[in-house]
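Trainee: What follows is a single structure, and I will ask about it in a moment.
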Amino acid sequence: KQSIDNSNNQHHKIILSPLEATLKLRENQLSFLLQRNNGVYRYDTNQLASNNPIEDTKYELIVPSSKNGGDRLFFGVFDGHAGWNTSQLLSKKLIPYVREQLDKAYDGYGEYSKLISNKEGLISKAIQNGFTELDEEIVFHSIDRLIQSHQENIAWSVRVLSPQDISWNMLKMNKYNLNAQAHDTTIELIRQVLTQGVNVTEIYIDTVGPPESYKAKLSNIFPGIDIIVEKKADSKYPIVSAASICAKVTRDQILKHWTFVEKELKSSKIFGSGYPS
C-alpha cells in the first residue's frame, strides 16, 4: 500500500496487517465452480497489480476426460519481466506445448517408454520437455527465421562483465558502482558499433538509474543520434526486447559452461544467475 504526500512529493510505504491484506486480495478474487465428478471441484484466482499496466498474467485450461482417466487442469502464472507481450505470448503457447508432451508421455512415445512405470517422473519429464521445446522455438527458431529473412539489416553484439570485474570494481578504494559500470559498458558497445561504420540514427535503452541523467550523459557523448532512455523499455520497444533475449541467451550459455576460478571451491552445476534461467 502506498500513499503520496503531494506537499513535498514523497512516497510513503504502509505495511498492511494480515487481515487488511486478506481483504484486499478478496476484492479481486474470482471463484470457479467446475461442477464435475472428477478433477478439481473448484478453484480460485487472484491477480493484484503492482504496476500499471500490469505485466504479469495468468492462464487456466481444463482438458476433460483425457485417455489416462480424469481431467487435466493446467494453471500458469507468467512473469512479465520482459514486458506484458512476453507474458501474454507464454500464456497462450506454453500449456499447449506441455499438453502435447503429456500426450506423448502417456502413449510411451520415444524416451518416455523408459518412464512409463514411474508416473511422477513421466509427468515431470513431459513438463520439462514442453518448456524446452517452446524455449527453443521462441529463442532459436523464431530469431533464426527473422535473421534469415533480413540478413543485411540485422546484427547483434554483446559485452560481458565478469563477476570478478564487477566485484573488483565495487570493492576498490574509489568505488566504481554497478550503475556506472553498466553505463560505461553500454557506451563502449555503442562506440564499437560506430567504429564498424554502422550508420546509427536511433538508440533505445532500458535505463539503469534515473533515465533523464542517463539520456543526457549519452546525448553528450553521441551528439546527433536520437537516444531514447526509459524505464521498462523492454516492454515498450521490440528492439529492446530482442536485446534482452540476446543478453539472456549469452548469460545462459556462459553459465552452462561456467568454471569457478577458485579451484578449492566444491560446487555442483545446480546454481542460478539471479533470474530463472
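Starting from 1 in every chain, residues are counted up; chains themselves are A, B, ... following the order of the C-alpha cells, and ligands are numbered from 1 as listed.
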What parts of stretch 74-264 of chain A does DSSP call strand (DSSP E)? I'd like the answer as a VMD selection string.

Mentor: chain A and resid 74 to 78 202 to 206 226 to 230

Trainee: With only C-alpha atoms as the counted atoms, please give the residues lying no more than 12 Å from A:Pro163, apart from itself and same-chain residues fewer than 4 positions off, as a count of residues only.

Mentor: 13

Trainee: Quick one: everything within 8 Å of stretch 194-205 of chain A, counting only C-alpha atoms, minus sequence neighbours fewer than 3 positions away in the same chain. Send it as a compact mmCIF listing (two decimals) with N, CA and C atoms, in the first residue's frame.

Mentor:
# COMPACT_ATOMS: atom_id res chain seq x y z
N ILE A 190 28.25 0.88 -27.91
CA ILE A 190 27.84 1.82 -28.96
C ILE A 190 29.05 2.26 -29.78
N ARG A 191 30.14 2.60 -29.10
CA ARG A 191 31.35 3.01 -29.81
C ARG A 191 31.85 1.92 -30.74
N GLY A 224 23.85 14.07 -32.12
CA GLY A 224 23.34 13.81 -33.46
C GLY A 224 22.58 12.51 -33.58
N ILE A 225 22.60 11.70 -32.52
CA ILE A 225 21.85 10.43 -32.52
C ILE A 225 20.65 10.59 -31.60
N ASP A 226 19.49 10.17 -32.08
CA ASP A 226 18.26 10.24 -31.28
C ASP A 226 18.29 9.11 -30.25
N ILE A 227 18.40 9.47 -28.97
CA ILE A 227 18.57 8.47 -27.91
C ILE A 227 17.32 8.45 -27.02
N ILE A 228 16.72 7.26 -26.88
CA ILE A 228 15.55 7.07 -26.03
C ILE A 228 15.95 6.20 -24.85
N VAL A 229 15.85 6.74 -23.65
CA VAL A 229 16.17 6.01 -22.43
C VAL A 229 14.94 6.02 -21.54
N GLU A 230 14.38 4.85 -21.25
CA GLU A 230 13.15 4.79 -20.47
C GLU A 230 13.17 3.60 -19.52
N ALA A 233 11.84 -0.26 -20.82
CA ALA A 233 11.87 -0.12 -22.28
C ALA A 233 11.70 -1.45 -22.98
N TYR A 237 9.44 -1.38 -26.45
CA TYR A 237 10.08 -1.35 -27.77
C TYR A 237 10.60 -2.75 -28.12
N ILE A 239 12.74 -3.78 -30.17
CA ILE A 239 14.19 -3.88 -30.34
C ILE A 239 14.88 -4.09 -29.00
N VAL A 240 14.33 -3.49 -27.93
CA VAL A 240 14.91 -3.68 -26.60
C VAL A 240 14.58 -5.08 -26.08

Trainee: Can you list, as an MDAnalysis selection string, every residue of stretch 9-237 of chain A that DSSP puts in helix (DSSP H, G or I)?

Mentor: chainID A and resid 18:27 84:106 110:115 119:149 163:170 178:195 211:221 233:235

Trainee: Please provide as a list of chain:residue names all residues within 12 Å of A:Asn28, with the sequence filter that same-chain residues fewer than 6 positions apart are discarded (counting only C-alpha atoms).

Mentor: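 Residues meeting the cut-off are A:Ala21, A:Thr22, A:Asp44, A:Thr45, A:Asn46, A:Gln47, A:Leu48, A:Ala49.
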